[in-house]
file work-v4.txt (compact mmCIF, C-alpha atoms)
# COMPACT_ATOMS: atom_id res chain seq x y z
CA MET A 1 -63.90 -45.12 -139.42
CA LEU A 2 -66.24 -42.22 -138.60
CA ILE A 3 -69.06 -44.63 -137.70
CA GLN A 4 -66.70 -46.59 -135.47
CA ASP A 5 -65.61 -43.36 -133.72
CA VAL A 6 -69.22 -42.31 -133.19
CA GLN A 7 -70.11 -45.74 -131.82
CA GLU A 8 -67.14 -45.68 -129.42
CA ALA A 9 -68.13 -42.20 -128.23
CA LEU A 10 -71.69 -43.38 -127.62
CA GLU A 11 -70.50 -46.38 -125.61
CA THR A 12 -68.23 -44.16 -123.52
CA SER A 13 -71.13 -41.76 -122.89
CA LYS A 14 -73.35 -44.62 -121.75
CA LYS A 15 -70.71 -45.93 -119.34
CA PHE A 16 -70.19 -42.42 -118.01
CA TYR A 17 -73.93 -41.99 -117.44
CA GLU A 18 -74.13 -45.34 -115.65
CA ALA A 19 -71.34 -44.27 -113.28
CA CYS A 20 -73.19 -41.01 -112.59
CA ARG A 21 -76.43 -42.89 -111.98
CA ASP A 22 -75.08 -45.75 -109.85
CA VAL A 23 -72.15 -44.22 -107.96
CA GLY A 24 -71.97 -40.50 -108.62
CA PHE A 25 -68.16 -40.65 -108.87
CA ALA A 26 -65.75 -41.59 -111.65
CA TYR A 27 -62.10 -41.27 -112.64
CA LEU A 28 -61.61 -39.43 -115.94
CA ILE A 29 -58.50 -39.96 -118.08
CA ASN A 30 -57.45 -38.52 -121.44
CA THR A 31 -59.26 -35.29 -120.64
CA GLY A 32 -56.97 -33.14 -122.76
CA ILE A 33 -56.02 -31.11 -119.67
CA PRO A 34 -52.19 -31.28 -119.85
CA GLN A 35 -50.53 -32.80 -116.80
CA GLU A 36 -47.94 -30.03 -116.84
CA LYS A 37 -50.74 -27.49 -116.33
CA VAL A 38 -52.10 -29.51 -113.41
CA ASP A 39 -48.61 -29.77 -111.90
CA GLY A 40 -48.12 -26.05 -112.43
CA MET A 41 -51.37 -25.20 -110.68
CA PHE A 42 -50.31 -27.30 -107.68
CA GLU A 43 -46.97 -25.46 -107.59
CA TRP A 44 -48.76 -22.10 -107.57
CA SER A 45 -51.13 -23.35 -104.88
CA SER A 46 -48.26 -24.49 -102.66
CA SER A 47 -46.52 -21.15 -103.12
CA PHE A 48 -49.69 -19.23 -102.31
CA PHE A 49 -50.37 -21.03 -99.03
CA LYS A 50 -46.75 -20.62 -97.97
CA LEU A 51 -47.13 -16.84 -98.14
CA PRO A 52 -47.18 -15.01 -94.79
CA PRO A 53 -50.70 -14.74 -93.28
CA GLU A 54 -50.65 -10.96 -93.59
CA VAL A 55 -50.11 -11.28 -97.36
CA LYS A 56 -52.82 -13.89 -97.89
CA LYS A 57 -55.25 -11.71 -95.96
CA LYS A 58 -54.86 -9.00 -98.60
CA ALA A 59 -57.39 -11.02 -100.64
CA PRO A 60 -59.97 -11.85 -97.95
CA HIS A 61 -63.15 -13.83 -98.55
CA PRO A 62 -66.09 -11.46 -97.89
CA PRO A 63 -68.21 -12.15 -94.80
CA GLU A 64 -71.18 -13.20 -96.95
CA GLY A 65 -71.00 -16.92 -97.73
CA TRP A 66 -72.43 -16.59 -101.25
CA LYS A 67 -69.59 -14.26 -102.26
CA HIS A 68 -67.32 -17.26 -102.64
CA ARG A 69 -64.10 -15.56 -103.69
CA GLY A 70 -60.71 -14.90 -102.10
CA TYR A 71 -58.85 -16.39 -99.16
CA SER A 72 -60.45 -18.24 -96.24
CA GLY A 73 -58.32 -19.19 -93.25
CA ILE A 74 -58.20 -22.40 -91.24
CA GLY A 75 -61.40 -23.27 -89.41
CA VAL A 76 -63.70 -20.86 -91.25
CA GLU A 77 -65.83 -23.43 -93.07
CA ARG A 78 -68.01 -26.35 -92.01
CA GLY A 79 -69.00 -29.35 -94.13
CA PHE A 80 -72.57 -30.69 -94.37
CA SER A 81 -73.61 -34.29 -94.70
CA ARG A 82 -76.42 -34.33 -97.22
CA PRO A 83 -78.20 -32.42 -100.00
CA VAL A 84 -80.18 -29.38 -98.89
CA HIS A 85 -83.17 -28.08 -100.82
CA ASP A 86 -84.68 -25.33 -98.65
CA THR A 87 -83.70 -22.74 -96.05
CA ASP A 88 -85.48 -24.39 -93.09
CA GLU A 89 -83.56 -27.62 -93.64
CA LEU A 90 -80.37 -25.58 -93.87
CA VAL A 91 -80.90 -23.98 -90.45
CA SER A 92 -81.45 -27.33 -88.76
CA ILE A 93 -78.25 -28.74 -90.27
CA GLN A 94 -76.21 -25.69 -89.24
CA LYS A 95 -77.08 -26.40 -85.61
CA ILE A 96 -75.73 -29.94 -85.88
CA SER A 97 -72.51 -29.29 -87.80
CA LYS A 98 -70.34 -27.22 -85.46
CA LEU A 99 -66.88 -28.69 -85.98
CA PRO A 100 -64.93 -26.53 -88.46
CA ASP A 101 -62.78 -27.95 -91.23
CA PHE A 102 -59.01 -27.93 -90.66
CA LYS A 103 -58.11 -26.39 -94.02
CA GLU A 104 -57.54 -23.08 -95.80
CA SER A 105 -58.68 -22.15 -99.29
CA PHE A 106 -58.58 -19.62 -102.11
CA ASP A 107 -61.53 -19.29 -104.51
CA ILE A 108 -61.47 -17.97 -108.06
CA GLY A 109 -64.17 -17.38 -110.67
CA ASP A 110 -63.01 -18.27 -114.16
CA GLU A 111 -63.81 -14.86 -115.76
CA THR A 112 -65.11 -16.40 -118.99
CA ALA A 113 -67.86 -13.79 -118.85
CA PRO A 114 -68.34 -10.66 -116.70
CA ALA A 115 -68.91 -11.69 -113.10
CA ARG A 116 -72.28 -11.44 -111.41
CA SER A 117 -72.33 -8.41 -109.10
CA GLY A 118 -70.66 -9.36 -105.82
CA LEU A 119 -68.81 -12.31 -107.34
CA GLU A 120 -65.87 -10.45 -108.80
CA ASN A 121 -62.52 -12.13 -108.18
CA ILE A 122 -60.43 -10.96 -105.24
CA TRP A 123 -56.73 -11.12 -106.10
CA LEU A 124 -53.55 -10.40 -104.22
CA PRO A 125 -51.75 -7.33 -105.51
CA GLU A 126 -49.67 -8.39 -108.51
CA GLU A 127 -46.47 -7.18 -106.86
CA ASP A 128 -47.07 -9.58 -103.95
CA PHE A 129 -47.57 -12.66 -106.14
CA PRO A 130 -46.63 -11.92 -109.76
CA GLY A 131 -47.88 -14.34 -112.42
CA PHE A 132 -50.44 -16.13 -110.25
CA ARG A 133 -53.55 -14.50 -111.70
CA GLU A 134 -52.52 -15.16 -115.29
CA PHE A 135 -51.74 -18.85 -114.68
CA ALA A 136 -54.87 -19.50 -112.60
CA LEU A 137 -57.19 -17.98 -115.22
CA GLU A 138 -55.50 -19.96 -117.99
CA PHE A 139 -56.04 -23.14 -115.97
CA CYS A 140 -59.71 -22.20 -115.58
CA ARG A 141 -60.01 -21.75 -119.35
CA THR A 142 -58.46 -25.16 -119.92
CA CYS A 143 -60.90 -26.84 -117.54
CA ARG A 144 -63.84 -25.03 -119.10
CA ALA A 145 -62.82 -26.12 -122.59
CA PHE A 146 -62.93 -29.74 -121.43
CA GLN A 147 -66.28 -29.12 -119.75
CA MET A 148 -67.96 -27.68 -122.84
CA GLU A 149 -66.30 -29.70 -125.58
CA ARG A 150 -66.27 -33.15 -124.02
CA LEU A 151 -67.66 -33.52 -120.51
CA LEU A 152 -71.17 -32.07 -120.74
CA PRO A 153 -71.79 -33.44 -124.26
CA ALA A 154 -70.80 -36.92 -123.03
CA LEU A 155 -73.24 -36.69 -120.14
CA SER A 156 -76.02 -35.42 -122.45
CA GLY A 157 -75.37 -38.23 -124.91
CA GLY A 158 -75.34 -40.88 -122.21
CA MET A 159 -78.77 -39.70 -121.06
CA GLY A 160 -80.17 -39.87 -124.58
CA LEU A 161 -80.37 -36.07 -124.89
CA ASP A 162 -79.12 -33.75 -127.61
CA ALA A 163 -75.35 -33.36 -127.21
CA LYS A 164 -75.72 -29.64 -126.50
CA PHE A 165 -78.47 -29.99 -123.89
CA PHE A 166 -76.36 -29.18 -120.81
CA ASN A 167 -74.16 -26.70 -122.68
CA GLU A 168 -77.20 -24.46 -123.18
CA TYR A 169 -77.48 -24.05 -119.40
CA HIS A 170 -73.76 -23.37 -118.87
CA LYS A 171 -73.03 -20.63 -121.42
CA ASN A 172 -71.55 -18.02 -119.07
CA GLY A 173 -68.86 -20.08 -117.38
CA GLU A 174 -69.98 -19.20 -113.86
CA ASN A 175 -67.64 -21.82 -112.41
CA GLN A 176 -65.26 -21.79 -109.47
CA LEU A 177 -61.68 -22.95 -109.11
CA ARG A 178 -60.74 -23.69 -105.50
CA LEU A 179 -57.22 -24.14 -104.16
CA LEU A 180 -57.24 -26.19 -100.96
CA HIS A 181 -54.50 -26.72 -98.39
CA TYR A 182 -54.83 -29.12 -95.47
CA PRO A 183 -51.96 -28.30 -93.07
CA GLU A 184 -50.06 -30.98 -91.26
CA GLY A 185 -51.33 -31.73 -87.78
CA PRO A 186 -51.10 -34.22 -84.92
CA ALA A 187 -52.11 -37.62 -86.30
CA GLU A 188 -53.71 -38.52 -82.99
CA ALA A 189 -55.99 -35.45 -83.11
CA PHE A 190 -57.34 -36.54 -86.51
CA LYS A 191 -57.74 -40.11 -85.31
CA SER A 192 -59.67 -39.10 -82.19
CA GLY A 193 -61.95 -36.71 -84.05
CA GLU A 194 -60.60 -33.61 -82.33
CA LYS A 195 -59.71 -32.29 -85.79
CA ARG A 196 -61.06 -33.10 -89.24
CA ARG A 197 -60.01 -32.23 -92.75
CA ILE A 198 -63.47 -32.04 -94.36
CA GLY A 199 -66.53 -33.67 -92.87
CA ALA A 200 -68.90 -35.82 -94.89
CA HIS A 201 -70.68 -33.65 -97.45
CA THR A 202 -71.99 -33.38 -100.99
CA ASP A 203 -71.07 -30.74 -103.57
CA PHE A 204 -73.61 -28.08 -104.52
CA GLY A 205 -73.57 -27.48 -108.25
CA THR A 206 -73.85 -29.39 -111.49
CA CYS A 207 -70.66 -31.40 -111.11
CA THR A 208 -67.04 -31.20 -109.97
CA LEU A 209 -63.62 -32.02 -111.39
CA LEU A 210 -61.07 -32.74 -108.65
CA PHE A 211 -57.30 -32.84 -108.99
CA GLN A 212 -55.42 -34.43 -106.07
CA ASP A 213 -51.80 -34.46 -104.96
CA ASP A 214 -50.19 -37.82 -104.11
CA VAL A 215 -51.01 -37.80 -100.37
CA GLY A 216 -54.52 -39.27 -100.39
CA GLY A 217 -57.37 -39.03 -97.90
CA LEU A 218 -60.45 -38.64 -100.12
CA GLU A 219 -63.19 -41.17 -99.28
CA VAL A 220 -66.53 -41.79 -100.98
CA ALA A 221 -69.66 -43.30 -99.40
CA SER A 222 -70.27 -46.86 -100.57
CA PRO A 223 -73.25 -47.16 -102.97
CA SER A 224 -74.41 -50.32 -101.18
CA GLN A 225 -73.53 -49.31 -97.61
CA PRO A 226 -73.94 -45.52 -97.26
CA LYS A 227 -72.40 -45.43 -93.77
CA SER A 228 -69.20 -47.05 -95.06
CA PHE A 229 -66.58 -45.06 -96.94
CA ILE A 230 -64.28 -46.24 -99.74
CA PRO A 231 -60.88 -44.60 -100.38
CA ALA A 232 -60.57 -42.74 -103.70
CA PRO A 233 -56.77 -42.67 -104.00
CA PRO A 234 -55.01 -40.24 -106.32
CA ILE A 235 -54.15 -41.51 -109.81
CA ARG A 236 -51.66 -39.39 -111.70
CA GLY A 237 -53.10 -38.20 -115.00
CA ALA A 238 -56.71 -38.72 -113.89
CA ALA A 239 -59.28 -36.29 -112.54
CA VAL A 240 -61.96 -37.37 -110.09
CA PHE A 241 -65.46 -36.46 -111.27
CA ASN A 242 -68.60 -36.27 -109.15
CA ILE A 243 -72.23 -35.23 -109.50
CA GLY A 244 -73.48 -32.23 -107.49
CA ASP A 245 -76.76 -31.77 -105.62
CA PHE A 246 -78.13 -29.34 -108.20
CA LEU A 247 -77.81 -31.91 -110.99
CA MET A 248 -79.27 -34.65 -108.79
CA ARG A 249 -82.31 -32.46 -108.18
CA TRP A 250 -82.44 -31.45 -111.87
CA SER A 251 -82.47 -35.14 -112.85
CA ASN A 252 -85.25 -35.97 -110.37
CA ASP A 253 -82.71 -37.98 -108.34
CA THR A 254 -81.84 -40.11 -111.38
CA LEU A 255 -78.18 -39.09 -111.06
CA LYS A 256 -76.44 -39.59 -107.73
CA SER A 257 -74.78 -36.91 -105.63
CA THR A 258 -72.65 -39.06 -103.35
CA ILE A 259 -71.45 -38.10 -99.89
CA HIS A 260 -67.68 -37.85 -99.58
CA ARG A 261 -65.13 -36.64 -97.06
CA VAL A 262 -61.42 -36.04 -96.57
CA ARG A 263 -59.69 -37.75 -93.67
CA ALA A 264 -56.12 -37.56 -92.44
CA PRO A 265 -54.00 -39.21 -95.13
CA PRO A 266 -53.41 -42.95 -94.88
CA ARG A 267 -49.67 -42.33 -95.12
CA LYS A 268 -48.04 -42.92 -91.72
CA ALA A 269 -47.27 -39.95 -89.53
CA ASP A 270 -43.68 -38.77 -89.38
CA THR A 271 -41.36 -39.27 -86.42
CA GLU A 272 -43.00 -36.34 -84.61
CA GLY A 273 -46.47 -37.84 -84.97
CA LEU A 274 -47.65 -35.34 -87.59
CA ALA A 275 -49.99 -36.27 -90.42
CA PRO A 276 -48.61 -34.75 -93.66
CA GLU A 277 -50.15 -31.75 -95.36
CA ARG A 278 -52.37 -32.27 -98.42
CA TYR A 279 -53.32 -30.15 -101.45
CA SER A 280 -56.26 -30.53 -103.80
CA ILE A 281 -57.85 -28.45 -106.55
CA PRO A 282 -61.58 -28.81 -107.27
CA TYR A 283 -63.17 -27.10 -110.28
CA PHE A 284 -66.86 -26.61 -109.54
CA ILE A 285 -69.12 -26.49 -112.59
CA THR A 286 -72.33 -24.50 -112.11
CA ALA A 287 -75.32 -23.63 -114.29
CA ASP A 288 -75.78 -19.99 -115.28
CA ALA A 289 -77.13 -18.06 -112.29
CA LYS A 290 -80.15 -16.58 -114.09
CA THR A 291 -81.24 -20.00 -115.35
CA THR A 292 -84.37 -21.57 -113.91
CA ILE A 293 -84.42 -25.33 -114.38
CA ASP A 294 -87.16 -27.93 -114.37
CA CYS A 295 -86.85 -31.70 -114.52
CA ILE A 296 -84.65 -33.07 -117.34
CA PRO A 297 -86.66 -34.77 -120.12
CA GLY A 298 -86.72 -38.53 -119.65
CA CYS A 299 -86.25 -38.30 -115.87
CA TRP A 300 -89.94 -38.09 -115.03
CA GLY A 301 -93.25 -39.52 -116.20
CA PRO A 302 -96.42 -41.29 -115.02
CA ASP A 303 -94.38 -43.84 -113.07
CA LYS A 304 -91.86 -41.29 -111.79
CA PRO A 305 -93.47 -37.95 -110.87
CA LYS A 306 -91.39 -34.82 -110.39
CA LYS A 307 -90.07 -34.55 -106.82
CA TYR A 308 -89.05 -30.88 -106.97
CA PRO A 309 -90.51 -27.62 -108.33
CA PRO A 310 -88.49 -25.48 -110.77
CA ILE A 311 -85.64 -23.56 -109.13
CA ASN A 312 -83.27 -20.74 -110.05
CA ALA A 313 -79.66 -21.88 -110.23
CA GLY A 314 -78.16 -18.75 -108.65
CA GLU A 315 -80.57 -18.72 -105.72
CA TYR A 316 -79.94 -22.39 -104.98
CA ILE A 317 -76.13 -22.09 -105.03
CA ASP A 318 -76.21 -18.91 -102.94
CA MET A 319 -78.34 -20.65 -100.30
CA ARG A 320 -75.86 -23.51 -100.09
CA MET A 321 -72.83 -21.21 -99.96
CA ASN A 322 -74.33 -19.21 -97.12
CA ALA A 323 -74.52 -22.43 -95.10
CA ILE A 324 -70.79 -22.96 -94.83
CA TYR A 325 -69.87 -19.56 -93.38
call {"tool": "encode", "arguments": {"input": "work-v4.txt", "output": "structure tokens"}}
result
Amino acid sequence: MLIQDVQEALETSKKFYEACRDVGFAYLINTGIPQEKVDGMFEWSSSFFKLPPEVKKKAPHPPEGWKHRGYSGIGVERGFSRPVHDTDELVSIQKISKLPDFKESFDIGDETAPARSGLENIWLPEEDFPGFREFALEFCRTCRAFQMERLLPALSGGMGLDAKFFNEYHKNGENQLRLLHYPEGPAEAFKSGEKRRIGAHTDFGTCTLLFQDDVGGLEVASPSQPKSFIPAPPIRGAAVFNIGDFLMRWSNDTLKSTIHRVRAPPRKADTEGLAPERYSIPYFITADAKTTIDCIPGCWGPDKPKKYPPINAGEYIDMRMNAIY
């Protein structure tokens, strides 16, 4: 029985790796993250964004982009369309991407370890929103347990590495939980391009777990036709997983960080012509900030030279964060 279980785990790891290599996206089921906790986090998110603006602004995102904590209002951020590996490339992209995203957000570090200076969480006063901090941090701990006990070991195994390979680079839990709210808006404005939910972009870090409500709107670039997008509809009980730019670089482009976007939901507008609001909750998994990474073993050799020099994880993520503010 044990051999059978080990063999099944190996087969699952291989299929997971193939999805990361060929598509960069996958649906994950049986994660061990209870659905009632996911539902509860959505309820807290909805309650948070319904708070008066003056209350939400008591936990403001700092002006520096890399200090990715606290509340950001509608139109603050901009999405970018492709991986970025240096500051000069970043500046050129910033000039092109001027249309802000029609969304608001609240960002939380999971507090598994003491925060890096400047990345401490920014909470509302407890009397303004009692119970929120406790529930959000517990949800972070649940996601991190899945990350360390099952997700990263499965990816390591699928790549033929020691099961603890990626865990060694993610010891401090320097991850980010993001609550996202896309307000309702005129359906025609989304259709014409006057407004957008999130433009085409890639994620920055190692990988992302995404929990969606039942509205829809997430689209992923087709592996065979990059300019075409495929809907990734919500599936209750499943989390959407995707590779981030940092891991694509780390793997010498062996793993795929796929462009994705959020459009106005496919559900028809109401009688007043308004596209419905949407909520989502991404959990961004990031390597420890002080870690400097080089190419993953097995991803380079005489026939596949290294494309990128070693890079510090914290410096790379900070550069990318600064781009969106």
call {"tool": "closest_residue", "arguments": {"input": "work-v4.txt", "among": "A:Phe211, A:Trp123, A:Tyr308, A:Phe49", "to": "His61 in chain A", "atoms": "only C-alpha atoms"}}
result
A:Trp123
call {"tool": "residues_around", "arguments": {"input": "work-v4.txt", "residues": "Pro34 in chain A", "least_positions_apart": "3", "cutoff": "10 Å", "atoms": "only C-alpha atoms", "output": "number ranges by chain"}}
result
A: 30-31, 37-40, 139, 142, 237
call {"tool": "closest_residue", "arguments": {"input": "work-v4.txt", "among": "A:Ser280, A:Asn167, A:Thr291, A:Ser228", "to": "Arg150 in chain A", "atoms": "all atoms listed in the file"}}
result
A:Asn167
call {"tool": "closest_residue", "arguments": {"input": "work-v4.txt", "among": "A:Thr258, A:Asn252, A:Ser72, A:Ser46", "to": "Cys20 in chain A", "atoms": "all atoms listed in the file"}}
result
A:Thr258
call {"tool": "residues_around", "arguments": {"input": "work-v4.txt", "residues": "His68 in chain A", "least_positions_apart": "4", "cutoff": "9 Å", "atoms": "all atoms listed in the file", "output": "list in words"}}
result
His61, Pro62, Glu64, Asp107, Ile108, Gly109, Leu119, Asn121, Gln176 and Met321 of chain A
call {"tool": "residues_around", "arguments": {"input": "work-v4.txt", "residues": "Lys103 in chain A", "least_positions_apart": "2", "cutoff": "6 Å", "atoms": "only C-alpha atoms", "output": "list of chain:residue names"}}
result
A:Ile74, A:Asp101, A:His181, A:Tyr182
call {"tool": "residues_around", "arguments": {"input": "work-v4.txt", "residues": "Val215 in chain A", "least_positions_apart": "2", "cutoff": "10 Å", "atoms": "all atoms listed in the file", "output": "short mmCIF file (atom, residue, chain, number, x, y, z; two decimals) with C-alpha atoms, in the coordinates of the input"}}
result
data_model
loop_
_atom_site.label_atom_id
_atom_site.label_comp_id
_atom_site.auth_asym_id
_atom_site.auth_seq_id
_atom_site.Cartn_x
_atom_site.Cartn_y
_atom_site.Cartn_z
CA GLN A 212 -55.42 -34.43 -106.07
CA ASP A 213 -51.80 -34.46 -104.96
CA GLY A 217 -57.37 -39.03 -97.90
CA LEU A 218 -60.45 -38.64 -100.12
CA PRO A 233 -56.77 -42.67 -104.00
CA PRO A 234 -55.01 -40.24 -106.32
CA ALA A 264 -56.12 -37.56 -92.44
CA PRO A 265 -54.00 -39.21 -95.13
CA PRO A 266 -53.41 -42.95 -94.88
CA ARG A 267 -49.67 -42.33 -95.12
CA PRO A 276 -48.61 -34.75 -93.66
CA GLU A 277 -50.15 -31.75 -95.36
CA ARG A 278 -52.37 -32.27 -98.42
CA TYR A 279 -53.32 -30.15 -101.45
CA SER A 280 -56.26 -30.53 -103.80
#
call {"tool": "atom_distance", "arguments": {"input": "work-v4.txt", "atom1": "CA of Asn172 in chain A", "atom2": "CA of Cys140 in chain A"}}
result
13.0 Å
call {"tool": "closest_residue", "arguments": {"input": "work-v4.txt", "among": "A:Ala287, A:Ala239, A:Met159, A:Leu209", "to": "Glu174 in chain A", "atoms": "all atoms listed in the file"}}
result
A:Ala287
call {"tool": "residues_around", "arguments": {"input": "work-v4.txt", "residues": "Asp253 in chain A", "least_positions_apart": "3", "cutoff": "9 Å", "atoms": "only C-alpha atoms", "output": "ChimeraX atom specification"}}
result
/A:21,247-250,256-257,299,307
call {"tool": "closest_residue", "arguments": {"input": "work-v4.txt", "among": "A:Gly75, A:Gly173, A:Gly24, A:Pro282", "to": "Asp245 in chain A", "atoms": "all atoms listed in the file"}}
result
A:Gly24
call {"tool": "closest_residue", "arguments": {"input": "work-v4.txt", "among": "A:Asp288, A:Phe132, A:Arg236, A:Val76", "to": "Leu210 in chain A", "atoms": "all atoms listed in the file"}}
result
A:Arg236
call {"tool": "atom_distance", "arguments": {"input": "work-v4.txt", "atom1": "CA of Gln147 in chain A", "atom2": "CA of Cys295 in chain A"}}
result
21.4 Å
call {"tool": "atom_distance", "arguments": {"input": "work-v4.txt", "atom1": "CA of Gly298 in chain A", "atom2": "CA of Gln7 in chain A"}}
result
21.8 Å
call {"tool": "build_atoms", "arguments": {"input": "work-v4.txt", "residues": "range 257-265 of chain A", "atoms": "all heavy atoms", "output": "PDB file, in the coordinates of the input"}}
result
ATOM      1  N   SER A 257     -75.736 -37.779-106.307  1.00  0.00           N
ATOM      2  CA  SER A 257     -74.780 -36.910-105.630  1.00  0.00           C
ATOM      3  C   SER A 257     -74.313 -37.628-104.366  1.00  0.00           C
ATOM      4  O   SER A 257     -75.051 -37.708-103.378  1.00  0.00           O
ATOM      5  CB  SER A 257     -75.444 -35.575-105.280  1.00  0.00           C
ATOM      6  OG  SER A 257     -74.587 -34.773-104.510  1.00  0.00           O
ATOM      7  N   THR A 258     -73.119 -38.165-104.409  1.00  0.00           N
ATOM      8  CA  THR A 258     -72.650 -39.060-103.350  1.00  0.00           C
ATOM      9  C   THR A 258     -71.890 -38.316-102.261  1.00  0.00           C
ATOM     10  O   THR A 258     -71.060 -37.448-102.543  1.00  0.00           O
ATOM     11  CB  THR A 258     -71.751 -40.157-103.957  1.00  0.00           C
ATOM     12  OG1 THR A 258     -72.492 -40.850-104.958  1.00  0.00           O
ATOM     13  CG2 THR A 258     -71.304 -41.145-102.906  1.00  0.00           C
ATOM     14  N   ILE A 259     -72.169 -38.675-101.022  1.00  0.00           N
ATOM     15  CA  ILE A 259     -71.450 -38.100 -99.890  1.00  0.00           C
ATOM     16  C   ILE A 259     -69.979 -38.509 -99.943  1.00  0.00           C
ATOM     17  O   ILE A 259     -69.649 -39.646-100.248  1.00  0.00           O
ATOM     18  CB  ILE A 259     -72.097 -38.561 -98.572  1.00  0.00           C
ATOM     19  CG1 ILE A 259     -73.505 -37.958 -98.438  1.00  0.00           C
ATOM     20  CG2 ILE A 259     -71.252 -38.179 -97.363  1.00  0.00           C
ATOM     21  CD1 ILE A 259     -74.288 -38.469 -97.248  1.00  0.00           C
ATOM     22  N   HIS A 260     -69.117 -37.573 -99.649  1.00  0.00           N
ATOM     23  CA  HIS A 260     -67.680 -37.850 -99.580  1.00  0.00           C
ATOM     24  C   HIS A 260     -67.046 -37.001 -98.494  1.00  0.00           C
ATOM     25  O   HIS A 260     -67.667 -36.068 -97.976  1.00  0.00           O
ATOM     26  CB  HIS A 260     -67.009 -37.613-100.939  1.00  0.00           C
ATOM     27  CG  HIS A 260     -67.286 -36.255-101.536  1.00  0.00           C
ATOM     28  ND1 HIS A 260     -68.512 -35.924-102.089  1.00  0.00           N
ATOM     29  CD2 HIS A 260     -66.516 -35.149-101.667  1.00  0.00           C
ATOM     30  CE1 HIS A 260     -68.474 -34.688-102.548  1.00  0.00           C
ATOM     31  NE2 HIS A 260     -67.285 -34.183-102.286  1.00  0.00           N
ATOM     32  N   ARG A 261     -65.824 -37.339 -98.126  1.00  0.00           N
ATOM     33  CA  ARG A 261     -65.130 -36.640 -97.060  1.00  0.00           C
ATOM     34  C   ARG A 261     -63.629 -36.729 -97.305  1.00  0.00           C
ATOM     35  O   ARG A 261     -63.169 -37.498 -98.144  1.00  0.00           O
ATOM     36  CB  ARG A 261     -65.475 -37.251 -95.708  1.00  0.00           C
ATOM     37  CG  ARG A 261     -64.941 -38.673 -95.514  1.00  0.00           C
ATOM     38  CD  ARG A 261     -65.457 -39.313 -94.236  1.00  0.00           C
ATOM     39  NE  ARG A 261     -64.879 -40.652 -94.032  1.00  0.00           N
ATOM     40  CZ  ARG A 261     -65.262 -41.477 -93.063  1.00  0.00           C
ATOM     41  NH1 ARG A 261     -66.216 -41.121 -92.222  1.00  0.00           N
ATOM     42  NH2 ARG A 261     -64.684 -42.669 -92.928  1.00  0.00           N
ATOM     43  N   VAL A 262     -62.878 -35.949 -96.557  1.00  0.00           N
ATOM     44  CA  VAL A 262     -61.420 -36.040 -96.570  1.00  0.00           C
ATOM     45  C   VAL A 262     -60.951 -36.309 -95.153  1.00  0.00           C
ATOM     46  O   VAL A 262     -61.258 -35.535 -94.227  1.00  0.00           O
ATOM     47  CB  VAL A 262     -60.762 -34.758 -97.117  1.00  0.00           C
ATOM     48  CG1 VAL A 262     -59.235 -34.874 -97.043  1.00  0.00           C
ATOM     49  CG2 VAL A 262     -61.199 -34.493 -98.541  1.00  0.00           C
ATOM     50  N   ARG A 263     -60.236 -37.390 -94.981  1.00  0.00           N
ATOM     51  CA  ARG A 263     -59.690 -37.750 -93.670  1.00  0.00           C
ATOM     52  C   ARG A 263     -58.179 -37.533 -93.686  1.00  0.00           C
ATOM     53  O   ARG A 263     -57.574 -37.278 -94.724  1.00  0.00           O
ATOM     54  CB  ARG A 263     -60.016 -39.200 -93.352  1.00  0.00           C
ATOM     55  CG  ARG A 263     -61.511 -39.501 -93.417  1.00  0.00           C
ATOM     56  CD  ARG A 263     -61.831 -40.835 -92.812  1.00  0.00           C
ATOM     57  NE  ARG A 263     -61.773 -40.782 -91.350  1.00  0.00           N
ATOM     58  CZ  ARG A 263     -61.868 -41.851 -90.570  1.00  0.00           C
ATOM     59  NH1 ARG A 263     -61.984 -43.071 -91.111  1.00  0.00           N
ATOM     60  NH2 ARG A 263     -61.838 -41.749 -89.268  1.00  0.00           N
ATOM     61  N   ALA A 264     -57.579 -37.641 -92.510  1.00  0.00           N
ATOM     62  CA  ALA A 264     -56.120 -37.560 -92.440  1.00  0.00           C
ATOM     63  C   ALA A 264     -55.548 -38.618 -93.363  1.00  0.00           C
ATOM     64  O   ALA A 264     -56.060 -39.738 -93.427  1.00  0.00           O
ATOM     65  CB  ALA A 264     -55.644 -37.775 -91.012  1.00  0.00           C
ATOM     66  N   PRO A 265     -54.516 -38.285 -94.113  1.00  0.00           N
ATOM     67  CA  PRO A 265     -54.000 -39.210 -95.130  1.00  0.00           C
ATOM     68  C   PRO A 265     -53.625 -40.569 -94.560  1.00  0.00           C
ATOM     69  O   PRO A 265     -53.197 -40.681 -93.401  1.00  0.00           O
ATOM     70  CB  PRO A 265     -52.756 -38.492 -95.652  1.00  0.00           C
ATOM     71  CG  PRO A 265     -52.978 -37.063 -95.335  1.00  0.00           C
ATOM     72  CD  PRO A 265     -53.762 -37.043 -94.056  1.00  0.00           C
TER      73      PRO A 265
END
